[in-house]
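> Here you go, work_14.tsv (TSV, N, CA and C atoms):
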chain	number	residue	atom	x	y	z
A	7	MET	N	132.21	71.26	81.25
A	7	MET	CA	130.96	70.58	80.96
A	7	MET	C	130.38	69.94	82.23
A	8	PHE	N	131.22	69.21	82.98
A	8	PHE	CA	130.73	68.54	84.18
A	8	PHE	C	130.43	69.53	85.30
A	9	GLY	N	131.06	70.69	85.25
A	9	GLY	CA	130.76	71.72	86.23
A	9	GLY	C	129.31	72.16	86.14
A	10	ASN	N	128.80	72.31	84.92
A	10	ASN	CA	127.41	72.70	84.74
A	10	ASN	C	126.45	71.64	85.25
A	11	ILE	N	126.78	70.39	85.04
A	11	ILE	CA	125.93	69.30	85.50
A	11	ILE	C	125.88	69.28	87.03
A	12	SER	N	127.03	69.47	87.65
A	12	SER	CA	127.05	69.46	89.11
A	12	SER	C	126.28	70.66	89.67
A	13	GLN	N	126.36	71.80	88.98
A	13	GLN	CA	125.59	72.96	89.41
A	13	GLN	C	124.09	72.70	89.28
A	14	ILE	N	123.69	72.07	88.20
A	14	ILE	CA	122.28	71.74	87.98
A	14	ILE	C	121.80	70.76	89.04
A	15	LEU	N	122.62	69.76	89.34
A	15	LEU	CA	122.25	68.78	90.37
A	15	LEU	C	122.14	69.44	91.74
A	16	GLU	N	123.04	70.37	92.02
A	16	GLU	CA	122.99	71.08	93.29
A	16	GLU	C	121.73	71.95	93.37
A	17	MET	N	121.38	72.62	92.29
A	17	MET	CA	120.17	73.43	92.25
A	17	MET	C	118.93	72.56	92.45
A	18	LYS	N	118.92	71.38	91.83
A	18	LYS	CA	117.79	70.45	91.97
A	18	LYS	C	117.66	70.00	93.42
A	19	LYS	N	118.81	69.71	94.03
A	19	LYS	CA	118.81	69.29	95.44
A	19	LYS	C	118.24	70.40	96.32
A	20	LYS	N	118.67	71.64	96.10
A	20	LYS	CA	118.17	72.78	96.88
A	20	LYS	C	116.67	72.96	96.65
A	21	ALA	N	116.22	72.83	95.41
A	21	ALA	CA	114.79	72.97	95.11
A	21	ALA	C	113.98	71.89	95.81
A	22	ASP	N	114.48	70.67	95.82
A	22	ASP	CA	113.79	69.57	96.51
A	22	ASP	C	113.73	69.83	98.02
A	23	GLU	N	114.81	70.38	98.58
A	23	GLU	CA	114.84	70.71	100.00
A	23	GLU	C	113.80	71.79	100.31
A	24	MET	N	113.71	72.79	99.44
A	24	MET	CA	112.74	73.86	99.65
A	24	MET	C	111.31	73.32	99.58
A	25	LYS	N	111.06	72.48	98.61
A	25	LYS	CA	109.72	71.91	98.46
A	25	LYS	C	109.36	71.07	99.68
A	26	SER	N	110.31	70.31	100.18
A	26	SER	CA	110.07	69.50	101.37
A	26	SER	C	109.80	70.40	102.58
A	27	LYS	N	110.55	71.46	102.72
A	27	LYS	CA	110.35	72.39	103.83
A	27	LYS	C	108.96	73.02	103.74
A	28	LEU	N	108.55	73.40	102.53
A	28	LEU	CA	107.23	74.01	102.35
A	28	LEU	C	106.11	73.02	102.65
A	29	ASN	N	106.34	71.74	102.38
A	29	ASN	CA	105.34	70.73	102.73
A	29	ASN	C	105.13	70.65	104.24
A	30	SER	N	106.16	70.99	105.00
A	30	SER	CA	106.06	70.89	106.46
A	30	SER	C	105.38	72.10	107.09
A	31	ILE	N	105.21	73.17	106.33
A	31	ILE	CA	104.53	74.36	106.84
A	31	ILE	C	103.03	74.15	106.67
A	32	VAL	N	102.28	74.27	107.75
A	32	VAL	CA	100.83	74.11	107.69
A	32	VAL	C	100.17	75.37	108.25
A	33	VAL	N	99.26	75.92	107.47
A	33	VAL	CA	98.47	77.06	107.93
A	33	VAL	C	97.01	76.63	108.01
A	34	SER	N	96.29	77.20	108.96
A	34	SER	CA	94.86	76.93	109.11
A	34	SER	C	94.13	78.26	109.05
A	35	GLU	N	93.05	78.28	108.30
A	35	GLU	CA	92.21	79.47	108.21
A	35	GLU	C	90.79	79.09	108.55
A	36	PHE	N	90.16	79.88	109.42
A	36	PHE	CA	88.78	79.68	109.79
A	36	PHE	C	87.97	80.82	109.18
A	37	HIS	N	86.85	80.47	108.53
A	37	HIS	CA	85.99	81.49	107.94
A	37	HIS	C	84.54	81.04	108.04
A	38	GLN	N	83.77	81.71	108.84
A	38	GLN	CA	82.33	81.49	108.96
A	38	GLN	C	81.94	80.02	109.11
A	39	GLY	N	82.64	79.30	109.96
A	39	GLY	CA	82.29	77.91	110.22
A	39	GLY	C	83.06	76.88	109.42
A	40	VAL	N	83.96	77.33	108.55
A	40	VAL	CA	84.77	76.41	107.74
A	40	VAL	C	86.24	76.63	108.08
A	41	THR	N	86.93	75.54	108.37
A	41	THR	CA	88.36	75.60	108.63
A	41	THR	C	89.09	74.84	107.51
A	42	ILE	N	90.08	75.50	106.94
A	42	ILE	CA	90.88	74.91	105.87
A	42	ILE	C	92.32	74.80	106.35
A	43	ASP	N	92.92	73.62	106.22
A	43	ASP	CA	94.33	73.42	106.50
A	43	ASP	C	95.04	73.27	105.16
A	44	CYS	N	96.13	74.00	105.01
A	44	CYS	CA	96.85	74.06	103.73
A	44	CYS	C	98.34	74.07	104.03
A	45	ASN	N	99.15	73.46	103.16
A	45	ASN	CA	100.59	73.50	103.40
A	45	ASN	C	101.25	74.62	102.59
A	46	GLY	N	102.53	74.81	102.80
A	46	GLY	CA	103.28	75.87	102.13
A	46	GLY	C	103.38	75.71	100.63
A	47	ASN	N	103.10	74.54	100.12
A	47	ASN	CA	103.06	74.31	98.68
A	47	ASN	C	101.66	74.53	98.12
A	48	ARG	N	100.80	75.12	98.95
A	48	ARG	CA	99.43	75.47	98.57
A	48	ARG	C	98.59	74.27	98.19
A	49	GLN	N	98.75	73.20	98.95
A	49	GLN	CA	97.92	72.01	98.81
A	49	GLN	C	96.95	71.98	99.98
A	50	ILE	N	95.67	71.77	99.69
A	50	ILE	CA	94.67	71.68	100.75
A	50	ILE	C	94.84	70.33	101.44
A	51	LEU	N	95.01	70.37	102.75
A	51	LEU	CA	95.22	69.15	103.53
A	51	LEU	C	93.92	68.63	104.13
A	52	SER	N	93.07	69.55	104.57
A	52	SER	CA	91.79	69.13	105.14
A	52	SER	C	90.81	70.30	105.13
A	53	ILE	N	89.53	69.93	105.18
A	53	ILE	CA	88.44	70.90	105.25
A	53	ILE	C	87.50	70.43	106.36
A	54	HIS	N	87.21	71.32	107.29
A	54	HIS	CA	86.29	71.02	108.39
A	54	HIS	C	85.11	71.98	108.27
A	55	ILE	N	83.91	71.43	108.28
A	55	ILE	CA	82.69	72.24	108.09
A	55	ILE	C	81.78	72.08	109.30
A	56	ALA	N	81.33	73.22	109.82
A	56	ALA	CA	80.39	73.22	110.94
A	56	ALA	C	79.06	72.62	110.50
A	57	GLU	N	78.44	71.88	111.39
A	57	GLU	CA	77.16	71.20	111.10
A	57	GLU	C	76.09	72.15	110.58
A	58	ASP	N	75.99	73.33	111.16
A	58	ASP	CA	74.90	74.24	110.79
A	58	ASP	C	75.01	74.77	109.36
A	59	LEU	N	76.15	74.61	108.72
A	59	LEU	CA	76.31	75.04	107.33
A	59	LEU	C	75.79	74.00	106.33
A	60	LEU	N	75.55	72.79	106.79
A	60	LEU	CA	75.17	71.72	105.88
A	60	LEU	C	73.75	71.83	105.35
A	61	ASN	N	72.96	72.73	105.91
A	61	ASN	CA	71.56	72.86	105.49
A	61	ASN	C	71.36	73.77	104.29
A	62	ASN	N	72.37	74.56	103.95
A	62	ASN	CA	72.23	75.54	102.88
A	62	ASN	C	73.37	75.37	101.88
A	63	LYS	N	73.11	74.61	100.82
A	63	LYS	CA	74.15	74.26	99.84
A	63	LYS	C	74.80	75.50	99.23
A	64	SER	N	74.01	76.45	98.81
A	64	SER	CA	74.53	77.65	98.16
A	64	SER	C	75.45	78.43	99.10
A	65	ASN	N	75.03	78.62	100.33
A	65	ASN	CA	75.85	79.32	101.32
A	65	ASN	C	77.13	78.53	101.61
A	66	LEU	N	77.00	77.23	101.74
A	66	LEU	CA	78.16	76.38	102.02
A	66	LEU	C	79.20	76.51	100.91
A	67	GLU	N	78.76	76.47	99.67
A	67	GLU	CA	79.69	76.60	98.54
A	67	GLU	C	80.42	77.94	98.58
A	68	THR	N	79.70	78.99	98.87
A	68	THR	CA	80.31	80.33	98.95
A	68	THR	C	81.32	80.41	100.08
A	69	VAL	N	80.94	79.92	101.25
A	69	VAL	CA	81.82	79.99	102.41
A	69	VAL	C	83.07	79.14	102.20
A	70	VAL	N	82.92	77.95	101.61
A	70	VAL	CA	84.08	77.09	101.36
A	70	VAL	C	85.04	77.78	100.38
A	71	CYS	N	84.51	78.37	99.32
A	71	CYS	CA	85.38	79.08	98.37
A	71	CYS	C	86.14	80.21	99.05
A	72	GLU	N	85.44	80.98	99.87
A	72	GLU	CA	86.09	82.08	100.57
A	72	GLU	C	87.15	81.57	101.54
A	73	ALA	N	86.85	80.50	102.24
A	73	ALA	CA	87.80	79.94	103.20
A	73	ALA	C	89.04	79.38	102.49
A	74	VAL	N	88.82	78.70	101.38
A	74	VAL	CA	89.95	78.16	100.61
A	74	VAL	C	90.84	79.30	100.12
A	75	ASN	N	90.23	80.35	99.60
A	75	ASN	CA	91.02	81.47	99.10
A	75	ASN	C	91.83	82.13	100.22
A	76	LYS	N	91.23	82.27	101.41
A	76	LYS	CA	91.97	82.82	102.55
A	76	LYS	C	93.14	81.90	102.92
A	77	ALA	N	92.91	80.60	102.92
A	77	ALA	CA	93.96	79.65	103.28
A	77	ALA	C	95.10	79.70	102.26
A	78	LEU	N	94.76	79.81	100.98
A	78	LEU	CA	95.80	79.87	99.95
A	78	LEU	C	96.63	81.15	100.06
A	79	VAL	N	95.99	82.25	100.40
A	79	VAL	CA	96.73	83.50	100.60
A	79	VAL	C	97.68	83.36	101.80
A	80	SER	N	97.19	82.78	102.88
A	80	SER	CA	98.04	82.57	104.06
A	80	SER	C	99.21	81.64	103.74
A	81	ALA	N	98.93	80.59	102.97
A	81	ALA	CA	100.00	79.65	102.60
A	81	ALA	C	101.02	80.34	101.71
A	82	GLU	N	100.57	81.18	100.81
A	82	GLU	CA	101.47	81.93	99.93
A	82	GLU	C	102.38	82.84	100.75
A	83	LYS	N	101.81	83.54	101.72
A	83	LYS	CA	102.61	84.42	102.58
A	83	LYS	C	103.62	83.63	103.39
A	84	ALA	N	103.19	82.50	103.95
A	84	ALA	CA	104.09	81.67	104.75
A	84	ALA	C	105.22	81.10	103.89
A	85	SER	N	104.87	80.64	102.69
A	85	SER	CA	105.91	80.06	101.83
A	85	SER	C	106.86	81.14	101.32
A	86	ALA	N	106.34	82.32	100.99
A	86	ALA	CA	107.21	83.41	100.53
A	86	ALA	C	108.18	83.82	101.63
A	87	SER	N	107.68	83.87	102.85
A	87	SER	CA	108.53	84.22	103.98
A	87	SER	C	109.63	83.16	104.18
A	88	GLU	N	109.22	81.90	104.13
A	88	GLU	CA	110.18	80.81	104.31
A	88	GLU	C	111.21	80.79	103.19
A	89	LEU	N	110.75	80.93	101.96
A	89	LEU	CA	111.67	80.93	100.82
A	89	LEU	C	112.63	82.11	100.88
A	90	SER	N	112.11	83.24	101.30
A	90	SER	CA	112.94	84.42	101.41
A	90	SER	C	114.08	84.20	102.40
A	91	SER	N	113.76	83.58	103.53
A	91	SER	CA	114.81	83.32	104.51
A	91	SER	C	115.76	82.22	104.04
A	92	MET	N	115.24	81.25	103.27
A	92	MET	CA	116.10	80.15	102.81
A	92	MET	C	117.06	80.58	101.71
A	93	VAL	N	116.64	81.50	100.86
A	93	VAL	CA	117.49	81.89	99.73
A	93	VAL	C	118.12	83.25	99.95
A	94	GLY	N	118.10	83.71	101.20
A	94	GLY	CA	118.78	84.96	101.52
A	94	GLY	C	118.13	86.18	100.91
A	95	GLY	N	116.81	86.18	100.85
A	95	GLY	CA	116.11	87.36	100.35
A	95	GLY	C	115.85	87.36	98.87
A	96	LEU	N	116.16	86.31	98.17
A	96	LEU	CA	115.89	86.25	96.73
A	96	LEU	C	114.46	85.75	96.52
A	97	GLY	N	113.50	86.58	96.82
A	97	GLY	CA	112.10	86.21	96.76
A	97	GLY	C	111.63	85.76	95.40
A	98	ALA	N	112.35	86.15	94.33
A	98	ALA	CA	111.96	85.74	92.99
A	98	ALA	C	112.00	84.24	92.83
A	99	MET	N	112.79	83.56	93.64
A	99	MET	CA	112.85	82.11	93.57
A	99	MET	C	111.52	81.47	93.93
A	100	ALA	N	110.71	82.16	94.71
A	100	ALA	CA	109.42	81.61	95.15
A	100	ALA	C	108.54	81.28	93.97
A	101	SER	N	108.65	82.04	92.88
A	101	SER	CA	107.80	81.79	91.72
A	101	SER	C	108.12	80.45	91.05
A	102	LEU	N	109.26	79.89	91.32
A	102	LEU	CA	109.62	78.60	90.74
A	102	LEU	C	108.80	77.47	91.32
A	103	PHE	N	108.18	77.68	92.48
A	103	PHE	CA	107.49	76.60	93.18
A	103	PHE	C	105.98	76.73	93.10
A	104	LYS	N	105.49	77.56	92.24
A	104	LYS	CA	104.04	77.73	92.08
A	104	LYS	C	103.49	76.69	91.14
Mind turning this structure into structure tokens?

Amino acid sequence: MFGNISQILEMKKKADEMKSKLNSIVVSEFHQGVTIDCNGNRQILSIHIAEDLLNNKSNLETVVCEAVNKALVSAEKASASELSSMVGGLGAMASLFK
């Protein structure tokens, strides 16, 4: 009985370590005047917008959406790569952190 609890606690510890490691991974994506910084847990850290985009709301909204999507894809790739190396190639574990 206690063996299962210790295994669960060990798995929780490993999951927390992975999440912490993914928080430390930062990717930046630039798209048509917008730069998005995102971490390995797919959290947006910052958005930088070029001045010339501020005059056209519709265009700005489109460009920001595209930039965010690019950043999230890059963060997903970075986190999958990191998780793969951390768990010895068991990439299926990456889905636990989405």
> Write out as JSON, numbers by chain the set of residues from range 11-98 of chain A that DSSP, computed on the backbone, places in strand (DSSP E).
{"A": [32, 33, 34, 35, 36, 37, 40, 41, 42, 43, 44, 45, 50, 51, 52, 53, 54, 55]}
> Could you name the residues that touch range 33-43 of chain A at 8 Å or less, counting all atoms listed in the file, but leaving out those on the same chain fewer than 6 positions away, as a list in words?
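Once the nearby chain positions are removed, what remains is Gln49, Ile50, Leu51, Ser52, Ile53, His54, Ile55, Ala56, Glu57, Asp58, Leu59, Val69, Val70, Glu72, Ala73, Val74, Lys76, Ala77, Leu78, Ser80, Ala81 and Ala84 of chain A.
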> Store the residues of this selection in a file with N, CA and C atoms, as an mmCIF file, keeping the file's coordinate frame.

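Printed below is again-v2.cif as written:
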data_model
loop_
_atom_site.group_PDB
_atom_site.id
_atom_site.type_symbol
_atom_site.label_atom_id
_atom_site.label_comp_id
_atom_site.auth_asym_id
_atom_site.auth_seq_id
_atom_site.Cartn_x
_atom_site.Cartn_y
_atom_site.Cartn_z
ATOM 1 N N GLN A 49 98.750 73.200 98.950
ATOM 2 C CA GLN A 49 97.920 72.010 98.810
ATOM 3 C C GLN A 49 96.950 71.980 99.980
ATOM 4 N N ILE A 50 95.670 71.770 99.690
ATOM 5 C CA ILE A 50 94.670 71.680 100.750
ATOM 6 C C ILE A 50 94.840 70.330 101.440
ATOM 7 N N LEU A 51 95.010 70.370 102.750
ATOM 8 C CA LEU A 51 95.220 69.150 103.530
ATOM 9 C C LEU A 51 93.920 68.630 104.130
ATOM 10 N N SER A 52 93.070 69.550 104.570
ATOM 11 C CA SER A 52 91.790 69.130 105.140
ATOM 12 C C SER A 52 90.810 70.300 105.130
ATOM 13 N N ILE A 53 89.530 69.930 105.180
ATOM 14 C CA ILE A 53 88.440 70.900 105.250
ATOM 15 C C ILE A 53 87.500 70.430 106.360
ATOM 16 N N HIS A 54 87.210 71.320 107.290
ATOM 17 C CA HIS A 54 86.290 71.020 108.390
ATOM 18 C C HIS A 54 85.110 71.980 108.270
ATOM 19 N N ILE A 55 83.910 71.430 108.280
ATOM 20 C CA ILE A 55 82.690 72.240 108.090
ATOM 21 C C ILE A 55 81.780 72.080 109.300
ATOM 22 N N ALA A 56 81.330 73.220 109.820
ATOM 23 C CA ALA A 56 80.390 73.220 110.940
ATOM 24 C C ALA A 56 79.060 72.620 110.500
ATOM 25 N N GLU A 57 78.440 71.880 111.390
ATOM 26 C CA GLU A 57 77.160 71.200 111.100
ATOM 27 C C GLU A 57 76.090 72.150 110.580
ATOM 28 N N ASP A 58 75.990 73.330 111.160
ATOM 29 C CA ASP A 58 74.900 74.240 110.790
ATOM 30 C C ASP A 58 75.010 74.770 109.360
ATOM 31 N N LEU A 59 76.150 74.610 108.720
ATOM 32 C CA LEU A 59 76.310 75.040 107.330
ATOM 33 C C LEU A 59 75.790 74.000 106.330
ATOM 34 N N VAL A 69 80.940 79.920 101.250
ATOM 35 C CA VAL A 69 81.820 79.990 102.410
ATOM 36 C C VAL A 69 83.070 79.140 102.200
ATOM 37 N N VAL A 70 82.920 77.950 101.610
ATOM 38 C CA VAL A 70 84.080 77.090 101.360
ATOM 39 C C VAL A 70 85.040 77.780 100.380
ATOM 40 N N GLU A 72 85.440 80.980 99.870
ATOM 41 C CA GLU A 72 86.090 82.080 100.570
ATOM 42 C C GLU A 72 87.150 81.570 101.540
ATOM 43 N N ALA A 73 86.850 80.500 102.240
ATOM 44 C CA ALA A 73 87.800 79.940 103.200
ATOM 45 C C ALA A 73 89.040 79.380 102.490
ATOM 46 N N VAL A 74 88.820 78.700 101.380
ATOM 47 C CA VAL A 74 89.950 78.160 100.610
ATOM 48 C C VAL A 74 90.840 79.300 100.120
ATOM 49 N N LYS A 76 91.230 82.270 101.410
ATOM 50 C CA LYS A 76 91.970 82.820 102.550
ATOM 51 C C LYS A 76 93.140 81.900 102.920
ATOM 52 N N ALA A 77 92.910 80.600 102.920
ATOM 53 C CA ALA A 77 93.960 79.650 103.280
ATOM 54 C C ALA A 77 95.100 79.700 102.260
ATOM 55 N N LEU A 78 94.760 79.810 100.980
ATOM 56 C CA LEU A 78 95.800 79.870 99.950
ATOM 57 C C LEU A 78 96.630 81.150 100.060
ATOM 58 N N SER A 80 97.190 82.780 102.880
ATOM 59 C CA SER A 80 98.040 82.570 104.060
ATOM 60 C C SER A 80 99.210 81.640 103.740
ATOM 61 N N ALA A 81 98.930 80.590 102.970
ATOM 62 C CA ALA A 81 100.000 79.650 102.600
ATOM 63 C C ALA A 81 101.020 80.340 101.710
ATOM 64 N N ALA A 84 103.190 82.500 103.950
ATOM 65 C CA ALA A 84 104.090 81.670 104.750
ATOM 66 C C ALA A 84 105.220 81.100 103.890
#
> Hey, could you pull the box centre and edge lengths for range 71-90 of chain A, axis-aligned, 6 Å padding per side, all listed atoms, to one decimal in Å, as lines of an AutoDock Vina configuration file?

center_x = 99.3
center_y = 81.3
center_z = 101.6
size_x = 41.6
size_y = 18.3
size_z = 18.4
> CA of Met17 in chain A and atom N of Asn45 in chain A, how far apart in Å?
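Between atom N of Asn45 in chain A and CA of Met17 in chain A the gap works out to 23.7 Å.
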